[in-house]
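The file my_file35.cif contains mmCIF, C-alpha atoms:
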data_structure
#
loop_
_atom_site.group_PDB
_atom_site.id
_atom_site.type_symbol
_atom_site.label_atom_id
_atom_site.label_comp_id
_atom_site.auth_asym_id
_atom_site.auth_seq_id
_atom_site.Cartn_x
_atom_site.Cartn_y
_atom_site.Cartn_z
ATOM 1 C CA VAL A 1 0.000 0.000 0.000
ATOM 2 C CA GLY A 2 1.645 3.223 -1.176
ATOM 3 C CA GLY A 3 2.039 6.059 1.280
ATOM 4 C CA GLY A 4 2.449 3.682 4.196
ATOM 5 C CA GLY A 5 0.937 3.729 7.666
ATOM 6 C CA ARG A 6 -1.702 6.196 8.723
ATOM 7 C CA THR A 7 -1.515 8.399 5.601
ATOM 8 C CA GLY A 8 -1.948 5.486 3.200
ATOM 9 C CA ALA A 9 -5.157 4.420 4.953
ATOM 10 C CA VAL A 10 -6.648 7.849 5.633
ATOM 11 C CA ARG A 11 -6.205 9.594 2.268
ATOM 12 C CA PRO A 12 -8.350 7.227 0.149
ATOM 13 C CA VAL A 13 -11.087 7.349 2.815
ATOM 14 C CA GLY A 14 -10.943 11.148 2.748
ATOM 15 C CA VAL A 15 -11.258 11.163 -1.043
ATOM 16 C CA PHE A 16 -14.197 8.740 -0.826
ATOM 17 C CA LEU A 17 -16.039 10.919 1.705
ATOM 18 C CA ALA A 18 -15.295 14.128 -0.222
ATOM 19 C CA ALA A 19 -16.718 12.638 -3.433
ATOM 20 C CA LYS A 20 -19.753 11.369 -1.541
ATOM 21 C CA LEU A 21 -20.309 14.803 -0.002
ATOM 22 C CA GLY A 22 -20.043 16.543 -3.372
ATOM 23 C CA THR A 23 -22.481 14.289 -5.229
ATOM 24 C CA HIS A 24 -25.034 14.304 -2.404
ATOM 25 C CA ALA A 25 -24.882 18.085 -2.048
ATOM 26 C CA LEU A 26 -25.391 18.488 -5.794
ATOM 27 C CA LEU A 27 -28.305 16.058 -5.768
ATOM 28 C CA GLY A 28 -29.837 17.887 -2.805
ATOM 29 C CA ALA A 29 -29.570 21.205 -4.632
ATOM 30 C CA LEU A 30 -31.297 19.749 -7.697
ATOM 31 C CA LEU A 31 -34.040 18.130 -5.615
ATOM 32 C CA GLY A 32 -34.663 21.328 -3.690
ATOM 33 C CA LEU A 33 -34.595 23.524 -6.797
ATOM 34 C CA VAL A 34 -36.996 21.561 -8.914
ATOM 35 C CA GLY A 35 -38.987 19.933 -6.095
ATOM 36 C CA GLY A 36 -40.762 16.652 -6.629
ATOM 37 C CA ALA A 37 -40.624 16.978 -10.421
ATOM 38 C CA VAL A 38 -36.929 16.149 -10.508
ATOM 39 C CA GLN A 39 -37.378 12.703 -9.019
ATOM 40 C CA PRO A 40 -36.952 10.056 -11.727
ATOM 41 C CA GLY A 41 -39.666 7.486 -12.249
ATOM 42 C CA PRO A 42 -39.459 3.863 -11.082
ATOM 43 C CA ARG A 43 -38.066 2.572 -14.375
ATOM 44 C CA VAL A 44 -35.278 5.161 -14.437
ATOM 45 C CA ARG A 45 -34.368 4.464 -10.803
ATOM 46 C CA GLY A 46 -34.405 0.757 -11.555
ATOM 47 C CA ALA A 47 -31.996 1.301 -14.452
ATOM 48 C CA LEU A 48 -29.697 3.315 -12.151
ATOM 49 C CA LEU A 49 -29.674 0.472 -9.625
ATOM 50 C CA VAL A 50 -28.844 -2.029 -12.369
ATOM 51 C CA ALA A 51 -25.951 0.215 -13.438
ATOM 52 C CA ALA A 52 -24.770 0.451 -9.822
ATOM 53 C CA ALA A 53 -24.892 -3.354 -9.551
ATOM 54 C CA LEU A 54 -22.741 -3.726 -12.659
ATOM 55 C CA ILE A 55 -20.197 -1.249 -11.272
ATOM 56 C CA LEU A 56 -20.008 -3.182 -7.989
ATOM 57 C CA ALA A 57 -19.525 -6.416 -9.930
ATOM 58 C CA LEU A 58 -16.671 -4.827 -11.900
ATOM 59 C CA PHE A 59 -14.927 -3.787 -8.694
ATOM 60 C CA ALA A 60 -15.336 -7.327 -7.351
ATOM 61 C CA LEU A 61 -13.819 -8.830 -10.494
ATOM 62 C CA ASP A 62 -11.030 -6.271 -10.289
ATOM 63 C CA LEU A 63 -10.199 -7.444 -6.754
ATOM 64 C CA LEU A 64 -10.045 -11.010 -8.044
ATOM 65 C CA GLY A 65 -7.539 -9.956 -10.716
ATOM 66 C CA PHE A 66 -9.882 -10.333 -13.701
ATOM 67 C CA LYS A 67 -8.000 -8.490 -16.438
ATOM 68 C CA PRO A 68 -10.983 -7.333 -18.579
ATOM 69 C CA ALA A 69 -12.479 -5.670 -15.490
ATOM 70 C CA ARG A 70 -9.188 -3.949 -14.775
ATOM 71 C CA ARG A 71 -9.063 -2.590 -18.302
ATOM 72 C CA ILE A 72 -12.616 -1.230 -17.997
ATOM 73 C CA LEU A 73 -11.777 0.460 -14.700
ATOM 74 C CA ARG A 74 -8.458 1.714 -16.157
ATOM 75 C CA ARG A 75 -6.487 0.448 -13.240
ATOM 76 C CA ASP A 76 -2.998 0.707 -14.627
ATOM 77 C CA GLU A 77 0.105 -0.030 -12.614
ATOM 78 C CA GLU A 78 1.650 3.289 -11.585
ATOM 79 C CA PRO A 79 5.199 4.115 -10.487
ATOM 80 C CA GLU A 80 5.520 4.442 -6.738
ATOM 81 C CA HIS A 81 6.079 8.192 -6.965
ATOM 82 C CA CYS A 82 2.877 8.768 -8.973
ATOM 83 C CA ARG A 83 0.005 8.172 -6.588
ATOM 84 C CA THR A 84 -2.712 10.597 -7.647
ATOM 85 C CA PRO A 85 -4.477 8.102 -9.998
ATOM 86 C CA ARG A 86 -4.907 5.753 -7.019
ATOM 87 C CA PHE A 87 -7.521 8.113 -5.669
ATOM 88 C CA ARG A 88 -9.697 7.774 -8.762
ATOM 89 C CA ARG A 89 -11.261 4.570 -7.479
ATOM 90 C CA PRO A 90 -12.184 5.913 -3.998
ATOM 91 C CA ALA A 91 -13.574 9.037 -5.665
ATOM 92 C CA ALA A 92 -15.647 6.954 -8.096
ATOM 93 C CA LEU A 93 -16.945 4.780 -5.260
ATOM 94 C CA GLY A 94 -17.830 7.817 -3.149
ATOM 95 C CA ALA A 95 -19.726 9.424 -6.018
ATOM 96 C CA ALA A 96 -21.507 6.134 -6.800
ATOM 97 C CA THR A 97 -22.989 5.901 -3.287
ATOM 98 C CA VAL A 98 -25.722 8.262 -4.464
ATOM 99 C CA LEU A 99 -27.057 5.369 -6.583
ATOM 100 C CA LEU A 100 -27.243 2.785 -3.814
ATOM 101 C CA PRO A 101 -30.637 1.890 -2.305
ATOM 102 C CA CYS A 102 -30.784 3.133 1.274
ATOM 103 C CA GLY A 103 -33.765 4.004 3.450
ATOM 104 C CA LEU A 104 -31.887 6.795 5.256
ATOM 105 C CA THR A 105 -30.783 8.316 1.948
ATOM 106 C CA LEU A 106 -34.336 8.181 0.593
ATOM 107 C CA SER A 107 -35.615 9.943 3.706
ATOM 108 C CA ALA A 108 -32.996 12.687 3.318
ATOM 109 C CA GLU A 109 -33.922 13.075 -0.362
ATOM 110 C CA LEU A 110 -37.589 13.473 0.578
ATOM 111 C CA LEU A 111 -36.641 16.259 3.004
ATOM 112 C CA ALA A 112 -34.545 17.903 0.266
ATOM 113 C CA VAL A 113 -37.535 17.873 -2.086
ATOM 114 C CA THR A 114 -39.795 19.512 0.498
ATOM 115 C CA SER A 115 -37.251 22.303 1.079
ATOM 116 C CA ARG A 116 -38.180 23.755 -2.338
ATOM 117 C CA SER A 117 -34.834 25.558 -2.667
ATOM 118 C CA ALA A 118 -31.384 24.641 -3.975
ATOM 119 C CA LEU A 119 -29.685 25.907 -0.819
ATOM 120 C CA GLY A 120 -32.091 24.099 1.480
ATOM 121 C CA GLY A 121 -31.812 20.834 -0.451
ATOM 122 C CA ALA A 122 -28.010 21.001 -0.523
ATOM 123 C CA ALA A 123 -27.980 21.738 3.220
ATOM 124 C CA VAL A 124 -30.154 18.709 3.970
ATOM 125 C CA MET A 125 -28.007 16.292 1.957
ATOM 126 C CA THR A 126 -24.754 17.825 3.195
ATOM 127 C CA GLY A 127 -25.913 17.464 6.787
ATOM 128 C CA PHE A 128 -26.857 13.838 6.097
ATOM 129 C CA VAL A 129 -23.393 13.000 4.737
ATOM 130 C CA LEU A 130 -21.538 14.924 7.457
ATOM 131 C CA GLY A 131 -23.603 13.202 10.119
ATOM 132 C CA THR A 132 -22.595 9.750 8.876
ATOM 133 C CA ALA A 133 -18.999 10.688 7.933
ATOM 134 C CA PRO A 134 -17.370 9.792 11.302
ATOM 135 C CA LEU A 135 -18.754 6.260 11.197
ATOM 136 C CA PHE A 136 -17.843 5.729 7.520
ATOM 137 C CA GLY A 137 -14.398 7.224 8.110
ATOM 138 C CA LEU A 138 -13.679 4.944 11.064
ATOM 139 C CA ILE A 139 -14.866 1.889 9.165
ATOM 140 C CA GLY A 140 -12.878 2.885 6.062
ATOM 141 C CA VAL A 141 -9.608 3.437 7.912
ATOM 142 C CA THR A 142 -10.008 0.273 9.980
ATOM 143 C CA VAL A 143 -10.845 -1.865 6.939
ATOM 144 C CA GLY A 144 -8.021 -0.260 4.951
ATOM 145 C CA ARG A 145 -5.419 -1.098 7.579
ATOM 146 C CA THR A 146 -6.765 -4.603 8.017
ATOM 147 C CA LEU A 147 -6.580 -5.212 4.263
ATOM 148 C CA ALA A 148 -3.012 -3.933 4.234
ATOM 149 C CA VAL A 149 -2.061 -6.587 6.802
ATOM 150 C CA LEU A 150 -4.183 -9.435 5.490
ATOM 151 C CA ARG A 151 -4.457 -8.425 1.857
ATOM 152 C CA GLY A 152 -4.316 -11.843 0.245
ATOM 153 C CA ARG A 153 -6.587 -13.554 2.761
ATOM 154 C CA LEU A 154 -9.356 -10.966 2.789
ATOM 155 C CA THR A 155 -9.411 -9.848 -0.835
ATOM 156 C CA ALA A 156 -11.337 -12.919 -1.976
ATOM 157 C CA LEU A 157 -13.849 -12.564 0.862
ATOM 158 C CA LEU A 158 -14.328 -8.880 0.066
ATOM 159 C CA ALA A 159 -14.856 -9.700 -3.608
ATOM 160 C CA VAL A 160 -17.471 -12.328 -2.730
ATOM 161 C CA ALA A 161 -19.252 -9.822 -0.488
ATOM 162 C CA LEU A 162 -19.259 -7.235 -3.288
ATOM 163 C CA ILE A 163 -20.709 -9.781 -5.714
ATOM 164 C CA ALA A 164 -23.466 -10.614 -3.206
ATOM 165 C CA VAL A 165 -24.308 -6.929 -2.784
ATOM 166 C CA ALA A 166 -24.237 -6.480 -6.569
ATOM 167 C CA GLY A 167 -26.697 -9.343 -6.999
ATOM 168 C CA TRP A 168 -29.008 -7.929 -4.334
ATOM 169 C CA THR A 169 -28.840 -4.472 -5.919
ATOM 170 C CA LEU A 170 -29.483 -5.940 -9.387
ATOM 171 C CA MET A 171 -32.624 -7.728 -8.198
ATOM 172 C CA SER A 172 -33.846 -4.556 -6.492
ATOM 173 C CA GLY A 173 -33.318 -2.588 -9.705
ATOM 174 C CA LEU A 174 -35.087 -5.135 -11.892
ATOM 175 C CA ARG A 175 -37.979 -5.347 -9.434
ATOM 176 C CA LEU A 176 -38.274 -1.570 -9.275
ATOM 177 C CA ALA A 177 -38.292 -1.364 -13.068
ATOM 178 C CA GLY A 178 -41.061 -3.974 -13.193
ATOM 179 C CA ARG A 179 -38.805 -6.530 -14.861
ATOM 180 C CA LEU A 180 -38.604 -9.034 -12.039
ATOM 181 C CA PRO A 181 -41.614 -11.072 -10.832
ATOM 182 C CA ASP A 182 -42.574 -10.754 -7.177
ATOM 183 C CA GLY A 183 -41.960 -14.460 -6.626
ATOM 184 C CA GLY A 184 -45.511 -15.587 -7.229
ATOM 185 C CA GLY A 185 -47.246 -17.010 -4.208
ATOM 186 C CA THR A 186 -50.920 -17.219 -3.366
ATOM 187 C CA ALA A 187 -52.851 -14.632 -1.436
ATOM 188 C CA SER A 188 -54.380 -15.833 1.798
ATOM 189 C CA ALA A 189 -58.174 -16.065 1.605
ATOM 190 C CA ALA A 190 -58.347 -14.782 5.171
ATOM 191 C CA ASP A 191 -56.192 -11.736 4.330
ATOM 192 C CA SER A 192 -58.257 -10.963 1.239
ATOM 193 C CA ALA A 193 -61.480 -11.190 3.236
ATOM 194 C CA ARG A 194 -60.076 -8.951 5.962
ATOM 195 C CA PHE A 195 -58.295 -6.313 3.911
ATOM 196 C CA VAL A 196 -60.520 -6.095 0.814
ATOM 197 C CA ARG A 197 -64.015 -4.686 1.277
ATOM 198 C CA THR A 198 -66.715 -2.756 -0.583
ATOM 199 C CA ASP A 199 -67.937 0.521 0.893
ATOM 200 C CA ALA A 200 -71.450 1.995 0.751
ATOM 201 C CA SER A 201 -70.782 3.673 -2.612
ATOM 202 C CA GLY A 202 -69.793 0.373 -4.227
ATOM 203 C CA THR A 203 -66.087 1.220 -4.323
ATOM 204 C CA GLN A 204 -63.715 -1.642 -3.619
ATOM 205 C CA VAL A 205 -61.267 -0.677 -0.852
ATOM 206 C CA VAL A 206 -57.978 -2.567 -0.590
ATOM 207 C CA THR A 207 -55.954 -1.884 2.564
ATOM 208 C CA VAL A 208 -52.209 -2.486 2.881
ATOM 209 C CA TRP A 209 -50.054 -1.640 5.903
ATOM 210 C CA ALA A 210 -46.582 -0.240 5.215
ATOM 211 C CA LEU A 211 -44.350 -1.494 8.022
ATOM 212 C CA ASP A 212 -40.631 -0.980 8.513
ATOM 213 C CA ARG A 213 -39.889 -4.536 7.356
ATOM 214 C CA GLY A 214 -42.303 -4.831 4.450
ATOM 215 C CA TYR A 215 -45.951 -4.603 3.422
ATOM 216 C CA ARG A 216 -48.692 -6.508 5.214
ATOM 217 C CA PRO A 217 -50.384 -8.239 3.613
ATOM 218 C CA ALA A 218 -47.973 -8.447 0.702
ATOM 219 C CA LEU A 219 -50.316 -10.567 -1.432
ATOM 220 C CA LEU A 220 -54.032 -9.929 -1.919
ATOM 221 C CA THR A 221 -56.842 -10.934 -4.275
ATOM 222 C CA ALA A 222 -59.524 -8.459 -5.379
ATOM 223 C CA ARG A 223 -62.251 -8.137 -7.992
ATOM 224 C CA ALA A 224 -61.378 -6.804 -11.435
ATOM 225 C CA GLY A 225 -63.440 -4.283 -13.381
ATOM 226 C CA VAL A 226 -64.761 -2.286 -10.412
ATOM 227 C CA ARG A 227 -63.630 1.084 -9.083
ATOM 228 C CA THR A 228 -60.870 0.386 -6.584
ATOM 229 C CA VAL A 229 -59.096 2.523 -4.019
ATOM 230 C CA LEU A 230 -55.850 1.380 -2.419
ATOM 231 C CA VAL A 231 -55.539 2.541 1.192
ATOM 232 C CA LEU A 232 -51.971 2.616 2.515
ATOM 233 C CA ARG A 233 -51.639 2.833 6.280
ATOM 234 C CA THR A 234 -48.582 3.607 8.397
ATOM 235 C CA ARG A 235 -47.971 3.687 12.119
ATOM 236 C CA ASP A 236 -44.584 5.051 13.200
ATOM 237 C CA THR A 237 -43.096 3.742 9.949
ATOM 238 C CA ARG A 238 -39.675 5.167 9.082
ATOM 239 C CA GLY A 239 -38.141 2.655 6.661
ATOM 240 C CA HIS A 240 -37.979 2.149 2.891
ATOM 241 C CA THR A 241 -41.658 1.251 2.709
ATOM 242 C CA ARG A 242 -42.717 4.878 3.194
ATOM 243 C CA ALA A 243 -41.758 5.414 -0.451
ATOM 244 C CA PHE A 244 -44.394 3.256 -2.175
ATOM 245 C CA THR A 245 -44.108 2.501 -5.892
ATOM 246 C CA ILE A 246 -46.357 0.881 -8.509
ATOM 247 C CA PRO A 247 -43.910 0.256 -11.418
ATOM 248 C CA SER A 248 -46.516 -0.512 -14.100
ATOM 249 C CA LEU A 249 -48.269 2.806 -13.427
ATOM 250 C CA GLY A 250 -45.059 4.783 -12.943
ATOM 251 C CA LYS A 251 -46.532 5.989 -9.663
ATOM 252 C CA ASP A 252 -44.598 6.950 -6.515
ATOM 253 C CA VAL A 253 -46.381 7.773 -3.272
ATOM 254 C CA VAL A 254 -44.610 9.213 -0.239
ATOM 255 C CA LEU A 255 -46.360 8.027 2.910
ATOM 256 C CA PRO A 256 -46.457 9.877 6.233
ATOM 257 C CA VAL A 257 -44.768 8.349 9.273
ATOM 258 C CA THR A 258 -48.229 7.750 10.721
ATOM 259 C CA GLY A 259 -51.436 8.121 8.779
ATOM 260 C CA GLU A 260 -53.539 6.949 5.841
ATOM 261 C CA THR A 261 -53.014 7.590 2.130
ATOM 262 C CA ARG A 262 -55.557 6.740 -0.578
ATOM 263 C CA VAL A 263 -54.559 5.854 -4.147
ATOM 264 C CA ASP A 264 -57.261 5.668 -6.832
ATOM 265 C CA LEU A 265 -56.586 2.635 -9.049
ATOM 266 C CA GLY A 266 -59.567 3.168 -11.347
ATOM 267 C CA ALA A 267 -61.191 -0.085 -12.469
ATOM 268 C CA PRO A 268 -58.262 -2.526 -12.826
ATOM 269 C CA ALA A 269 -58.358 -5.168 -15.537
ATOM 270 C CA PRO A 270 -57.757 -8.807 -14.652
ATOM 271 C CA GLY A 271 -54.105 -9.377 -13.849
ATOM 272 C CA ARG A 272 -51.438 -8.849 -11.218
ATOM 273 C CA LEU A 273 -50.674 -5.330 -10.032
ATOM 274 C CA ARG A 274 -47.214 -5.379 -8.481
ATOM 275 C CA PHE A 275 -45.963 -2.860 -5.956
ATOM 276 C CA VAL A 276 -42.643 -2.353 -4.209
ATOM 277 C CA CYS A 277 -40.843 0.121 -1.972
ATOM 278 C CA ALA A 278 -38.940 2.848 -3.835
ATOM 279 C CA SER A 279 -35.603 1.104 -3.245
ATOM 280 C CA GLY A 280 -36.856 -2.190 -4.718
ATOM 281 C CA HIS A 281 -36.437 -4.204 -1.520
ATOM 282 C CA PHE A 282 -39.943 -5.119 -0.364
ATOM 283 C CA PRO A 283 -42.350 -6.383 -3.075
ATOM 284 C CA GLY A 284 -46.005 -7.247 -3.059
ATOM 285 C CA ALA A 285 -48.931 -7.691 -5.447
ATOM 286 C CA ILE A 286 -52.698 -7.483 -5.809
ATOM 287 C CA THR A 287 -54.228 -10.066 -8.127
ATOM 288 C CA PHE A 288 -57.428 -8.815 -9.774
ATOM 289 C CA ARG A 289 -59.858 -11.483 -10.935
#

Translate the structure of the given file into structure tokens.
Amino acid sequence: VGGGGRTGAVRPVGVFLAAKLGTHALLGALLGLVGGAVQPGPRVRGALLVAAALILALFALDLLGFKPARRILRRDEEPEHCRTPRFRRPAALGAATVLLPCGLTLSAELLAVTSRSALGGAAVMTGFVLGTAPLFGLIGVTVGRTLAVLRGRLTALLAVALIAVAGWTLMSGLRLAGRLPDGGGTASAADSARFVRTDASGTQVVTVWALDRGYRPALLTARAGVRTVLVLRTRDTRGHTRAFTIPSLGKDVVLPVTGETRVDLGAPAPGRLRFVCASGHFPGAITFR
């Protein structure tokens, strides 16, 4: 590891955090300036997650010494006295964190949107990054020094971990883009009877709870061809599920921490209406028959 000792471990971490701070501040400014209109739709966000997964996979292959991946990442061997290019990779990784699915990041982005100003949005995202910087810095320096001591033994494990994260991110992206099935499954008759009802006006009301660890129930059966309203309920919910997405409709709904939100689905045709949290982690579906 060039630079040796404390400096060799700290500088790449500093570059990583600086790049992360810059990209998040810029994103916050854009979100605050344009408001909700700047948020990309589910398919675009899904494509970004797929791209992030491919980048993570490239870094994993690079760690394993896969030459094509090294050529793509332009990781050339440098003389010992020329160290500046070594910071390109930490900078790229820091900037790429803006693409990763994270409930805390999504919450900060929602606050940036509601600020309605470039300065306010940038301040929100900057505060978010600065607040998490000490923890990331400590982890980065500790991991960097450990890798320097046990480079050969841990590189393979780190590469495997990166591949696992890349696969998880890829599935989230495909699910968010509506390209990955929700896994099938059959809705419980008891759940459908409990959470699907018809009100006095003849409107079908489907109720789904958004909890921190997923949607309950995640699978429901309802009647097709009748006016339907989806009621989303929260109770002290602060996770990914607050950002509710219906990929096929290109619809995103931001739910309150506690409350009830109604979504008019019209008169759905027979078929499966899939939904997922905005980060692609927690899927569900309503089957209309």

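Using all atoms listed in the file, the shortest contact distance between Pro247 of chain A and any of A:Leu31, A:Leu176, A:Leu211, A:Ala19 is found at A:Leu176.
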
Q. Could you pull the residues within 12 Å of segment 195-203 of chain A, counting only C-alpha atoms, minus those fewer than 5 positions along the same chain, as JSON, numbers by chain?
A. {"A": [187, 188, 189, 190, 208, 209, 216, 217, 218, 219, 220, 221, 222, 223, 224, 225, 226, 227, 228, 229, 230, 231, 232, 233, 264, 265, 266, 267, 286, 287, 288]}

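Interatomic distance, atom CA of Cys277 of chain A to atom CA of Thr241 of chain A: 4.9 Å.
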
Q) In Å, with one decimal, what is the gap from atom CA of Ile163 of chain A to atom CA of Ala57 of chain A? A) 5.5 Å

Q. Applied to this file, what does the PyMOL selection byres ((chain A and resi 278) around 8) return in terms of residues, put as JSON, numbers by chain?
A. {"A": [42, 176, 240, 241, 243, 244, 245, 252, 276, 277, 279, 280, 281]}

Q. A:Met125, A:Ala164, A:Ala159, A:Val263: which is nearest Val205 of chain A, counting only C-alpha atoms?
A. A:Val263

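With all atoms listed in the file as the atoms that count, the residue of A:Arg289, A:Gly22, A:Ile246, A:Thr207 with the shortest distance to Arg262 of chain A is A:Thr207.
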
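Using the PyMOL selection byres ((chain A and resi 256) around 9) on the file at hand returns these residues: Arg233, Thr234, Arg235, Asp236, Thr237, Arg238, Arg242, Val254, Leu255, Val257, Thr258, Gly259, Glu260 and Thr261 of chain A.
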
(Q) For the PyMOL selection byres ((chain A and resi 172) around 9), applied here, can you spell out every residue it catches as a ChimeraX atom specification? (A) /A:46,49-50,101,167-171,173-177,180,279-282
